[in-house]
$ cat upload-v4.cif   # mmCIF, C-alpha atoms and all ligand atoms
data_model
#
loop_
_atom_site.label_atom_id
_atom_site.label_comp_id
_atom_site.auth_asym_id
_atom_site.auth_seq_id
_atom_site.Cartn_x
_atom_site.Cartn_y
_atom_site.Cartn_z
CA MET T 3 12.42 50.94 37.03
CA THR T 4 9.71 48.98 35.27
CA LYS T 5 6.44 50.83 34.69
CA ARG T 6 3.82 49.76 37.22
CA PRO T 7 0.32 49.76 35.71
CA PHE T 8 -1.26 50.10 39.18
CA PRO T 9 -0.10 51.67 42.42
CA ASP T 10 1.05 49.20 45.10
CA THR T 11 -2.11 49.56 47.14
CA GLU T 12 -4.98 47.24 47.90
CA ARG T 13 -7.68 49.96 47.86
CA SER T 14 -9.27 48.73 44.66
CA VAL T 15 -9.24 45.05 45.70
CA ARG T 16 -10.87 45.37 49.13
CA ILE T 17 -14.59 46.03 49.30
CA THR T 18 -16.78 46.10 52.42
CA PRO T 19 -20.27 45.30 51.12
CA GLN T 20 -23.27 47.03 52.74
CA ARG T 21 -24.86 43.70 53.42
CA ARG T 22 -21.80 42.00 54.73
CA LEU T 23 -21.04 38.69 53.15
CA SER T 24 -19.84 37.46 56.54
CA ASP T 25 -23.26 38.30 58.03
CA CYS T 26 -25.07 35.82 55.83
CA LEU T 27 -22.35 33.41 54.76
CA PRO T 28 -19.64 32.64 57.29
CA PRO T 29 -16.53 31.54 55.43
CA THR T 30 -16.17 27.79 55.29
CA PRO T 31 -12.53 26.78 55.73
CA ILE T 32 -11.32 25.33 52.44
CA LYS T 33 -9.79 21.89 52.27
CA LEU T 34 -6.04 22.29 52.08
CA PRO T 35 -3.89 19.74 50.23
CA SER T 36 -1.76 17.45 52.34
CA LEU T 37 1.91 18.35 52.12
CA SER T 38 3.77 15.11 51.53
CA ILE T 39 7.55 14.76 51.51
CA GLU T 40 8.46 13.16 48.16
CA VAL T 41 12.12 14.16 48.39
CA GLU T 42 14.14 13.35 51.52
CA PRO T 43 16.52 15.97 52.95
CA PRO T 44 20.11 15.56 51.69
CA ASP T 45 23.19 14.74 53.74
CA LEU T 46 24.90 18.11 53.91
CA SER T 47 27.65 17.04 56.33
CA PRO T 48 30.44 16.55 53.72
CA TRP T 49 29.78 20.04 52.35
CA ILE T 50 29.38 22.17 55.48
CA ALA T 51 33.07 23.13 55.81
CA GLY T 52 33.33 24.59 52.28
CA ASN T 53 36.72 25.43 50.72
CA THR T 54 37.02 29.16 51.41
CA GLY T 55 37.32 29.39 55.19
CA ILE T 56 33.63 30.40 55.37
CA PRO T 57 31.35 27.48 56.29
CA GLY T 58 29.09 26.38 53.44
CA VAL T 59 30.90 28.45 50.78
CA HIS T 60 32.49 26.52 47.88
CA ARG T 61 34.52 28.38 45.26
CA PHE T 62 35.81 27.10 41.92
CA GLN T 63 38.06 29.10 39.64
CA SER T 64 38.79 28.75 35.93
CA SER T 65 42.12 29.77 34.42
CA ASN T 66 40.10 31.72 31.81
CA PRO T 67 38.85 35.14 32.85
CA GLY T 68 35.15 35.65 33.40
CA PRO T 69 32.49 36.80 35.83
CA HIS T 70 31.95 35.59 39.38
CA ALA T 71 28.69 33.61 39.30
CA ALA T 72 27.08 32.24 42.45
CA ILE T 73 24.20 29.93 43.28
CA THR T 74 22.77 30.06 46.80
CA ALA T 75 20.49 27.53 48.49
CA LEU T 76 18.95 27.00 51.96
CA MET T 77 18.10 30.65 52.62
CA HIS T 78 15.15 28.93 54.26
CA GLY T 79 16.18 25.79 56.11
CA ASN T 80 13.29 23.62 54.92
CA GLU T 81 13.71 24.47 51.19
CA TYR T 82 16.30 21.84 50.43
CA VAL T 83 15.71 20.85 46.78
CA GLY T 84 18.13 23.69 45.91
CA ALA T 85 20.72 22.16 48.25
CA ILE T 86 20.29 18.79 46.50
CA ALA T 87 20.97 20.44 43.12
CA LEU T 88 24.14 22.08 44.49
CA ILE T 89 25.35 18.85 46.12
CA GLU T 90 24.95 17.10 42.75
CA LEU T 91 27.25 19.72 41.19
CA LEU T 92 29.80 19.30 44.00
CA GLN T 93 29.73 15.51 43.65
CA ARG T 94 30.35 15.83 39.89
CA GLY T 95 33.38 18.04 40.64
CA ILE T 96 32.14 20.98 38.63
CA THR T 97 34.67 23.48 37.30
CA PRO T 98 33.64 26.57 35.36
CA LYS T 99 35.02 26.98 31.83
CA CYS T 100 35.59 30.66 32.61
CA GLY T 101 35.48 32.97 35.60
CA THR T 102 34.57 31.90 39.12
CA LEU T 103 31.68 29.83 40.40
CA SER T 104 30.55 29.85 44.04
CA LEU T 105 28.04 27.41 45.48
CA ILE T 106 26.76 28.60 48.86
CA PHE T 107 24.60 26.93 51.53
CA LEU T 108 23.11 29.84 53.47
CA ASN T 109 21.14 28.94 56.63
CA ILE T 110 22.87 25.69 57.59
CA ASP T 111 21.78 26.01 61.26
CA ALA T 112 18.12 26.08 60.24
CA PHE T 113 18.50 23.17 57.80
CA THR T 114 20.11 20.94 60.45
CA ARG T 115 16.94 21.34 62.54
CA PHE T 116 14.73 19.90 59.76
CA CYS T 117 12.28 17.38 61.15
CA PRO T 118 9.83 15.53 58.82
CA ALA T 119 7.24 15.46 61.63
CA ASN T 120 7.10 19.26 61.54
CA PRO T 121 8.77 20.36 58.31
CA ILE T 122 7.58 23.98 58.57
CA LEU T 123 9.54 24.79 61.75
CA SER T 124 13.03 24.74 60.23
CA ARG T 125 12.43 27.69 57.90
CA PHE T 126 14.74 29.69 60.19
CA VAL T 127 16.22 29.58 63.70
CA LYS T 128 15.28 33.01 65.06
CA GLU T 129 14.23 35.14 62.10
CA ASP T 130 13.74 35.08 58.33
CA MET T 131 17.22 35.33 56.81
CA ASN T 132 15.76 36.72 53.59
CA ARG T 133 14.78 40.03 55.21
CA LEU T 134 18.28 40.92 56.46
CA TRP T 135 20.22 41.96 53.35
CA GLY T 136 19.71 45.73 53.54
CA ASP T 137 22.36 48.16 54.82
CA ILE T 138 23.42 47.37 58.39
CA ALA T 139 23.98 50.12 60.95
CA THR T 140 27.70 50.06 61.69
CA GLY T 141 28.57 49.09 65.22
CA SER T 142 25.23 47.40 65.91
CA ALA T 143 25.43 43.92 67.41
CA ALA T 144 24.16 40.83 65.57
CA ALA T 145 21.12 39.73 67.53
CA SER T 146 20.30 36.37 65.91
CA PRO T 147 22.12 33.46 64.24
CA GLU T 148 20.69 34.68 60.92
CA GLN T 149 22.06 38.21 61.38
CA LYS T 150 25.46 36.78 62.29
CA ARG T 151 25.48 34.57 59.20
CA VAL T 152 24.46 37.44 56.89
CA ARG T 153 27.28 39.60 58.30
CA THR T 154 29.77 36.80 57.63
CA LEU T 155 28.55 36.22 54.07
CA ARG T 156 27.94 39.80 52.96
CA PRO T 157 31.57 40.78 52.04
CA TYR T 158 31.86 37.56 49.99
CA ILE T 159 28.55 38.11 48.20
CA GLU T 160 29.64 41.65 47.36
CA THR T 161 32.26 40.07 45.05
CA VAL T 162 29.56 38.22 43.03
CA ASP T 163 28.58 39.54 39.58
CA CYS T 164 25.62 37.28 38.91
CA LEU T 165 23.59 35.34 41.47
CA LEU T 166 20.77 32.78 41.41
CA ASP T 167 19.03 32.20 44.77
CA LEU T 168 17.17 28.87 45.00
CA HIS T 169 13.86 28.66 46.89
CA SER T 170 10.64 26.64 46.91
CA MET T 171 7.08 27.25 48.16
CA LEU T 172 4.87 25.80 50.88
CA TRP T 173 1.67 25.39 48.85
CA PRO T 174 1.19 23.84 45.39
CA ALA T 175 2.48 26.29 42.84
CA LYS T 176 3.59 26.85 39.28
CA PRO T 177 7.35 27.62 39.33
CA LEU T 178 8.41 31.22 38.81
CA MET T 179 11.45 33.48 38.80
CA LEU T 180 11.29 36.46 41.10
CA ALA T 181 13.23 39.36 39.61
CA GLY T 182 12.63 41.91 42.37
CA PRO T 183 12.53 45.61 41.58
CA SER T 184 15.63 46.05 39.40
CA LYS T 185 15.97 46.01 35.60
CA ARG T 186 19.17 43.99 35.94
CA GLY T 187 17.38 41.29 37.94
CA LEU T 188 14.70 41.16 35.25
CA ALA T 189 17.31 40.98 32.47
CA LEU T 190 18.98 38.01 34.19
CA ALA T 191 15.67 36.19 34.72
CA GLU T 192 14.78 36.80 31.03
CA ARG T 193 18.08 35.27 29.89
CA ILE T 194 17.59 32.22 32.11
CA ALA T 195 13.93 31.95 30.95
CA THR T 196 13.58 28.69 32.92
CA PRO T 197 10.89 28.51 34.26
CA PRO T 198 9.13 30.73 31.70
CA LEU T 199 7.24 32.93 34.20
CA ILE T 200 8.95 35.97 35.73
CA VAL T 201 7.43 38.08 38.50
CA THR T 202 8.74 41.56 39.36
CA ASP T 203 7.90 43.24 42.65
CA ASN T 204 9.04 45.93 45.05
CA GLY T 205 10.36 43.61 47.75
CA HIS T 206 9.20 43.26 51.35
CA LYS T 207 8.50 46.04 53.80
CA ALA T 208 9.91 43.77 56.53
CA GLY T 209 13.42 43.95 55.04
CA ALA T 210 15.61 43.42 51.99
CA ARG T 211 15.92 40.00 50.38
CA LEU T 212 19.26 38.84 49.01
CA ILE T 213 18.14 39.87 45.49
CA ASP T 214 17.30 43.35 46.89
CA MET T 215 20.76 43.76 48.48
CA PRO T 216 22.22 47.18 47.55
CA HIS T 217 25.06 45.43 45.70
CA PHE T 218 22.50 44.03 43.21
CA VAL T 219 20.10 46.97 42.89
CA ARG T 220 22.25 50.12 43.25
CA ALA T 221 22.64 52.14 40.05
CA ASP T 222 26.46 52.20 40.27
CA THR T 223 27.09 48.42 40.12
CA PRO T 224 26.48 45.99 37.22
CA ALA T 225 25.80 43.03 39.54
CA GLN T 226 22.52 41.19 39.03
CA ALA T 227 20.49 38.63 40.97
CA CYS T 228 17.20 36.78 40.73
CA LEU T 229 15.40 34.12 42.71
CA LEU T 230 13.82 30.80 41.73
CA GLU T 231 10.60 29.66 43.43
CA ALA T 232 10.67 26.11 42.14
CA GLY T 233 7.25 24.83 43.28
CA GLN T 234 6.16 22.94 46.39
CA HIS T 235 9.05 22.46 48.86
CA TRP T 236 9.46 18.70 48.95
CA SER T 237 8.12 17.64 45.55
CA LEU T 238 9.97 15.78 42.80
CA ALA T 239 8.65 18.38 40.34
CA SER T 240 10.42 21.16 42.28
CA LEU T 241 13.69 19.23 42.26
CA ASP T 242 13.37 18.72 38.51
CA THR T 243 12.64 22.43 37.94
CA THR T 244 15.59 23.43 40.14
CA ARG T 245 17.99 21.17 38.23
CA LYS T 246 16.85 22.67 34.90
CA THR T 247 17.15 26.27 36.13
CA VAL T 248 20.60 25.62 37.62
CA ALA T 249 21.81 23.96 34.40
CA ARG T 250 20.57 26.89 32.32
CA PHE T 251 22.15 29.48 34.68
CA LEU T 252 25.50 27.64 34.55
CA SER T 253 25.42 27.41 30.76
CA LEU T 254 24.97 31.19 30.57
CA GLN T 255 27.45 32.25 33.24
CA THR T 256 30.39 29.93 33.23
CA ASN T 257 30.85 28.68 29.69
CA ALA T 258 31.88 31.51 27.39
CA GLN T 259 32.47 29.16 24.44
CA MET T 260 28.96 27.80 24.43
CA GLN T 261 26.55 29.34 21.99
CA GLU T 262 23.72 30.79 24.04
CA GLN T 263 20.60 28.79 23.26
CA THR T 264 17.64 31.12 22.89
CA LEU T 265 14.51 29.96 24.66
CA PRO T 266 10.94 31.18 24.05
CA LYS T 267 10.33 34.60 25.63
CA PRO T 268 9.05 34.13 29.17
CA GLU T 269 5.90 35.79 30.45
CA ILE T 270 6.58 38.75 32.71
CA ALA T 271 4.13 39.64 35.46
CA HIS T 272 4.33 42.78 37.60
CA VAL T 273 3.01 42.63 41.16
CA THR T 274 0.45 45.42 41.39
CA HIS T 275 -1.13 44.69 44.79
CA ARG T 276 0.02 43.06 47.98
CA VAL T 277 -3.04 41.96 49.99
CA THR T 278 -2.43 41.90 53.74
CA ALA T 279 -4.77 40.07 56.15
CA ARG T 280 -6.42 42.64 58.41
CA THR T 281 -8.19 40.07 60.57
CA GLY T 282 -7.43 36.59 61.85
CA ARG T 283 -10.24 35.32 59.62
CA PHE T 284 -8.69 35.74 56.18
CA CYS T 285 -10.11 32.90 54.08
CA PHE T 286 -9.73 32.14 50.37
CA THR T 287 -12.90 31.09 48.56
CA ARG T 288 -11.12 27.99 47.25
CA MET T 289 -7.69 26.47 46.82
CA PHE T 290 -5.79 28.67 44.35
CA PRO T 291 -2.38 27.33 43.28
CA SER T 292 0.21 30.10 42.91
CA GLY T 293 0.35 31.06 39.25
CA GLU T 294 -3.38 30.66 38.64
CA MET T 295 -4.85 33.33 36.38
CA ILE T 296 -8.30 34.68 37.28
CA ALA T 297 -10.01 35.69 34.05
CA LYS T 298 -12.63 38.16 35.26
CA ARG T 299 -12.16 41.44 37.08
CA GLY T 300 -14.21 41.63 40.30
CA THR T 301 -14.01 37.88 41.10
CA ILE T 302 -14.14 37.31 44.86
CA ILE T 303 -11.04 35.32 45.79
CA ALA T 304 -11.17 35.71 49.58
CA THR T 305 -12.97 37.23 52.53
CA ASP T 306 -11.23 38.98 55.41
CA GLY T 307 -13.70 39.51 58.25
CA PRO T 308 -16.32 41.87 56.78
CA ASP T 309 -14.35 42.54 53.59
CA GLU T 310 -14.40 40.84 50.23
CA ILE T 311 -11.14 40.60 48.29
CA ARG T 312 -11.76 40.90 44.54
CA THR T 313 -9.49 40.79 41.53
CA PRO T 314 -8.91 44.37 40.31
CA TYR T 315 -8.52 43.55 36.58
CA ASP T 316 -9.10 40.78 34.04
CA ASN T 317 -6.43 38.08 33.81
CA CYS T 318 -5.15 38.65 37.32
CA LEU T 319 -2.28 36.35 38.33
CA LEU T 320 -2.30 35.12 41.94
CA VAL T 321 1.23 34.90 43.32
CA MET T 322 1.99 32.72 46.34
CA PRO T 323 -1.36 32.70 48.17
CA ASN T 324 -0.80 32.02 51.87
CA PHE T 325 -3.61 29.77 53.10
CA ARG T 326 -2.75 30.37 56.74
CA ALA T 327 -2.17 34.12 56.65
CA ALA T 328 -2.01 35.57 60.15
CA ARG T 329 -3.24 39.11 60.83
CA HIS T 330 -0.92 41.77 59.33
CA HIS T 331 0.81 39.17 57.14
CA THR T 332 0.76 39.02 53.33
CA ALA T 333 -2.07 36.79 52.13
CA VAL T 334 -1.47 37.04 48.37
CA ARG T 335 0.17 39.18 45.73
CA LEU T 336 -1.73 40.11 42.57
CA ALA T 337 0.19 40.50 39.33
CA GLN T 338 -0.52 41.62 35.80
CA ILE T 339 1.08 39.95 32.78
CA GLU T 340 3.04 42.42 30.70
CA ASN T 341 3.08 40.53 27.40
CA ARG T 342 -0.68 40.02 27.44
CA GLU T 343 -1.25 43.71 28.22
CA GLU T 344 0.87 44.72 25.23
CA GLU T 345 -0.97 42.31 22.96
CA ASP T 346 -4.32 43.64 24.19
CA SER T 347 -3.38 47.28 23.67
CA GLY T 348 -1.99 46.40 20.22
CA ARG T 349 -5.37 44.96 19.20
CA SER T 350 -7.45 47.88 20.46
ZN ZN A 1 12.30 30.59 50.47
#
$ encode --input "upload-v4.cif" --output "C-alpha cells" --more "lines below"
Ligand SMILES: [Zn+2]
Amino acid sequence: MTKRPFPDTERSVRITPQRRLSDCLPPTPIKLPSLSIEVEPPDLSPWIAGNTGIPGVHRFQSSNPGPHAAITALMHGNEYVGAIALIELLQRGITPKCGTLSLIFLNIDAFTRFCPANPILSRFVKEDMNRLWGDIATGSAAASPEQKRVRTLRPYIETVDCLLDLHSMLWPAKPLMLAGPSKRGLALAERIATPPLIVTDNGHKAGARLIDMPHFVRADTPAQACLLEAGQHWSLASLDTTRKTVARFLSLQTNAQMQEQTLPKPEIAHVTHRVTARTGRFCFTRMFPSGEMIAKRGTIIATDGPDEIRTPYDNCLLVMPNFRAARHHTAVRLAQIENREEEDSGRS
C-alpha cells in the first residue's frame, strides 16, 4: 500500500470561523461553463451483440501466447468517447500480436437512453454501475439492470490480466489516470504514462469500482487495472486523449515484439482528503478545473454553510470538483503530488 502523507479525513480542511463568513458574505453562485456536445454519440448497434455470447463483449485471440488484456467503455452511459475509441478498433479489425484482447461495452442500456437535450440523465439506468464490483452475497437477487449486468460480466472479467477502464468527466478537467488503492494499479498506470498525471485513492465508500474489484486488488492475484478520466465528457480533446491512452495500452499489452517506448515519468498524486458537502449550500469560491494546483496552504476554495474549506498544504491538487454537490455527496478530493514532495524533502 502506498504511504499516505495525511489521514483520509477532512478535519484539517474544514474550519468554522468565529465570525462566520456566511454571516457577512453569502456565497455568490459561480458562473459555470456551458457544457457543449462537440462529439456526437456513436452508433453502437453493429457492436451490441459482441462475439462471445455476452452482449457487448468482443474477444480477439492471437496464436502467440500472452496475457488477456481488456479495455472497457460505457461504465457510465453518457461517457461515450471511450466507446468511439473501441468502435474505431473494431472497424479496423484489430488482432493482438500476442495473447487475448477483449473490448467491452459495459452499460449499454444506459447509453441507449442518451439524449442530447439532457445528457446527464443517461449516466445509469437505476444505479451507478461503478459501485457494484465488490463481493456479492451469494443467493441475493439482482435488484437493478446494473447489478444484473455486473453479475453477467464478472466471471468474464475475472479472466482478465490487465484492464483499462475508459471514463470522462462532467466539468472541464485535465486528464488523469486513476490507479485506485493497489500498487499493481499504480504500476500499470505508470507504464501507460498517458496522460502523465496519476491519482491514487482509497476508492468509494458507496461501493467498489471495477478497478477495486477483488480480482484486481487481492494480494494473491497478479491482475491489474486502472481507469482513464479523459477530460470533459463530450469534448474533442477527451476523444483525442482517449485514443492516445488506448494506443499506448495496446502497444504495451498485445505486442510482445515491440520495444517498449519509455515516456517521461508521470506525476503521481495521492488523494489525502475527500471533502463531503454537509449542507445543501456547498459553493466553490470560483471555477476550479480538475487538476488545478493551489499553491498556498490555507487558501479558501469553498464554503459549506457556516464552514470554510481550505487547502491543507501547499501545492494542493484539486481532483474532480463537483460544482453541484448535493448534501452528503463528495464535493472534491484533495491530492498531494509525490514527486514534488520528494524533491522538496531532498532540498531541505
Ligand atoms: Zn465515469
$ residues_near_ligand --input "upload-v4.cif" --ligand "ligand ZN 1 (chain A)" --cutoff "12 Å" --atoms "all atoms listed in the file" --output "number ranges by chain"
T: 74-84, 108-109, 122, 124-126, 130-133, 167-173, 180, 211-212, 229-235, 322
$ residues_around --input "upload-v4.cif" --residues "Ile32 (chain T)" --least-positions-apart "5" --cutoff "9 Å" --atoms "all atoms listed in the file" --output "VMD selection string"
chain T and resid 285 to 289 325
$ residues_around --input "upload-v4.cif" --residues "Thr102 (chain T)" --least-positions-apart "5" --cutoff "12 Å" --atoms "all atoms listed in the file" --output "VMD selection string"
chain T and resid 60 to 73 96 to 97 161 to 165 252 255 to 257
$ closest_residue --input "upload-v4.cif" --among "T:Ile138, T:Leu199, T:Ala249, T:Ala87" --to "Ala175 (chain T)" --atoms "all atoms listed in the file"
T:Leu199
$ atom_distance --input "upload-v4.cif" --atom1 "CA of Ile194 (chain T)" --atom2 "CA of Ile86 (chain T)"
19.9 Å
$ decode --input "upload-v4.cif" --residues "region 61-81 of chain T" --atoms "N, CA, C and O atoms" --output "PDB file, in the first residue's frame"
ATOM      1  N   ARG T  61     -14.026 -10.426 -28.323  1.00  0.00           N
ATOM      2  CA  ARG T  61     -12.789 -11.093 -27.905  1.00  0.00           C
ATOM      3  C   ARG T  61     -11.966 -11.448 -29.146  1.00  0.00           C
ATOM      4  O   ARG T  61     -12.504 -11.983 -30.121  1.00  0.00           O
ATOM      5  N   PHE T  62     -10.677 -11.151 -29.089  1.00  0.00           N
ATOM      6  CA  PHE T  62      -9.784 -11.441 -30.212  1.00  0.00           C
ATOM      7  C   PHE T  62      -8.555 -12.167 -29.663  1.00  0.00           C
ATOM      8  O   PHE T  62      -7.970 -11.739 -28.671  1.00  0.00           O
ATOM      9  N   GLN T  63      -8.196 -13.234 -30.365  1.00  0.00           N
ATOM     10  CA  GLN T  63      -7.157 -14.122 -29.842  1.00  0.00           C
ATOM     11  C   GLN T  63      -5.998 -14.200 -30.828  1.00  0.00           C
ATOM     12  O   GLN T  63      -6.232 -14.334 -32.032  1.00  0.00           O
ATOM     13  N   SER T  64      -4.774 -14.130 -30.323  1.00  0.00           N
ATOM     14  CA  SER T  64      -3.602 -14.331 -31.163  1.00  0.00           C
ATOM     15  C   SER T  64      -3.171 -15.791 -31.061  1.00  0.00           C
ATOM     16  O   SER T  64      -3.467 -16.467 -30.073  1.00  0.00           O
ATOM     17  N   SER T  65      -2.463 -16.266 -32.076  1.00  0.00           N
ATOM     18  CA  SER T  65      -1.940 -17.644 -31.975  1.00  0.00           C
ATOM     19  C   SER T  65      -0.700 -17.662 -31.075  1.00  0.00           C
ATOM     20  O   SER T  65      -0.250 -18.715 -30.641  1.00  0.00           O
ATOM     21  N   ASN T  66      -0.119 -16.491 -30.790  1.00  0.00           N
ATOM     22  CA  ASN T  66       1.030 -16.429 -29.870  1.00  0.00           C
ATOM     23  C   ASN T  66       0.532 -16.266 -28.436  1.00  0.00           C
ATOM     24  O   ASN T  66      -0.432 -15.543 -28.203  1.00  0.00           O
ATOM     25  N   PRO T  67       1.177 -16.949 -27.502  1.00  0.00           N
ATOM     26  CA  PRO T  67       0.710 -16.828 -26.118  1.00  0.00           C
ATOM     27  C   PRO T  67       0.919 -15.413 -25.575  1.00  0.00           C
ATOM     28  O   PRO T  67       1.758 -14.663 -26.077  1.00  0.00           O
ATOM     29  N   GLY T  68       0.155 -15.074 -24.582  1.00  0.00           N
ATOM     30  CA  GLY T  68       0.300 -13.749 -23.971  1.00  0.00           C
ATOM     31  C   GLY T  68      -0.837 -13.497 -23.014  1.00  0.00           C
ATOM     32  O   GLY T  68      -1.737 -14.322 -22.859  1.00  0.00           O
ATOM     33  N   PRO T  69      -0.811 -12.341 -22.368  1.00  0.00           N
ATOM     34  CA  PRO T  69      -1.823 -12.037 -21.355  1.00  0.00           C
ATOM     35  C   PRO T  69      -3.190 -11.738 -21.973  1.00  0.00           C
ATOM     36  O   PRO T  69      -3.300 -11.490 -23.172  1.00  0.00           O
ATOM     37  N   HIS T  70      -4.198 -11.755 -21.115  1.00  0.00           N
ATOM     38  CA  HIS T  70      -5.540 -11.332 -21.525  1.00  0.00           C
ATOM     39  C   HIS T  70      -5.697  -9.863 -21.124  1.00  0.00           C
ATOM     40  O   HIS T  70      -5.792  -9.538 -19.945  1.00  0.00           O
ATOM     41  N   ALA T  71      -5.673  -8.986 -22.136  1.00  0.00           N
ATOM     42  CA  ALA T  71      -5.856  -7.548 -21.888  1.00  0.00           C
ATOM     43  C   ALA T  71      -7.288  -7.172 -22.241  1.00  0.00           C
ATOM     44  O   ALA T  71      -7.875  -7.761 -23.153  1.00  0.00           O
ATOM     45  N   ALA T  72      -7.847  -6.210 -21.524  1.00  0.00           N
ATOM     46  CA  ALA T  72      -9.211  -5.778 -21.817  1.00  0.00           C
ATOM     47  C   ALA T  72      -9.311  -4.265 -21.699  1.00  0.00           C
ATOM     48  O   ALA T  72      -8.652  -3.649 -20.862  1.00  0.00           O
ATOM     49  N   ILE T  73     -10.129  -3.694 -22.576  1.00  0.00           N
ATOM     50  CA  ILE T  73     -10.470  -2.264 -22.465  1.00  0.00           C
ATOM     51  C   ILE T  73     -11.984  -2.188 -22.333  1.00  0.00           C
ATOM     52  O   ILE T  73     -12.719  -2.788 -23.136  1.00  0.00           O
ATOM     53  N   THR T  74     -12.439  -1.466 -21.319  1.00  0.00           N
ATOM     54  CA  THR T  74     -13.879  -1.330 -21.074  1.00  0.00           C
ATOM     55  C   THR T  74     -14.286   0.124 -21.275  1.00  0.00           C
ATOM     56  O   THR T  74     -13.529   1.051 -20.950  1.00  0.00           O
ATOM     57  N   ALA T  75     -15.495   0.311 -21.814  1.00  0.00           N
ATOM     58  CA  ALA T  75     -16.046   1.657 -22.011  1.00  0.00           C
ATOM     59  C   ALA T  75     -17.517   1.634 -21.626  1.00  0.00           C
ATOM     60  O   ALA T  75     -18.109   0.572 -21.462  1.00  0.00           O
ATOM     61  N   LEU T  76     -18.108   2.819 -21.483  1.00  0.00           N
ATOM     62  CA  LEU T  76     -19.533   2.989 -21.164  1.00  0.00           C
ATOM     63  C   LEU T  76     -19.924   2.422 -19.806  1.00  0.00           C
ATOM     64  O   LEU T  76     -21.045   1.935 -19.641  1.00  0.00           O
ATOM     65  N   MET T  77     -19.005   2.460 -18.834  1.00  0.00           N
ATOM     66  CA  MET T  77     -19.431   2.159 -17.453  1.00  0.00           C
ATOM     67  C   MET T  77     -20.546   3.142 -17.088  1.00  0.00           C
ATOM     68  O   MET T  77     -21.509   2.793 -16.422  1.00  0.00           O
ATOM     69  N   HIS T  78     -20.353   4.373 -17.544  1.00  0.00           N
ATOM     70  CA  HIS T  78     -21.374   5.416 -17.394  1.00  0.00           C
ATOM     71  C   HIS T  78     -21.904   5.731 -18.799  1.00  0.00           C
ATOM     72  O   HIS T  78     -21.110   6.030 -19.707  1.00  0.00           O
ATOM     73  N   GLY T  79     -23.228   5.648 -18.941  1.00  0.00           N
ATOM     74  CA  GLY T  79     -23.831   5.658 -20.271  1.00  0.00           C
ATOM     75  C   GLY T  79     -23.590   6.918 -21.082  1.00  0.00           C
ATOM     76  O   GLY T  79     -23.674   6.887 -22.309  1.00  0.00           O
ATOM     77  N   ASN T  80     -23.288   8.030 -20.425  1.00  0.00           N
ATOM     78  CA  ASN T  80     -23.090   9.280 -21.165  1.00  0.00           C
ATOM     79  C   ASN T  80     -21.603   9.588 -21.407  1.00  0.00           C
ATOM     80  O   ASN T  80     -21.271  10.657 -21.890  1.00  0.00           O
ATOM     81  N   GLU T  81     -20.712   8.645 -21.093  1.00  0.00           N
ATOM     82  CA  GLU T  81     -19.270   8.857 -21.291  1.00  0.00           C
ATOM     83  C   GLU T  81     -18.837   8.055 -22.514  1.00  0.00           C
ATOM     84  O   GLU T  81     -18.201   7.008 -22.387  1.00  0.00           O
TER      85      GLU T  81
END
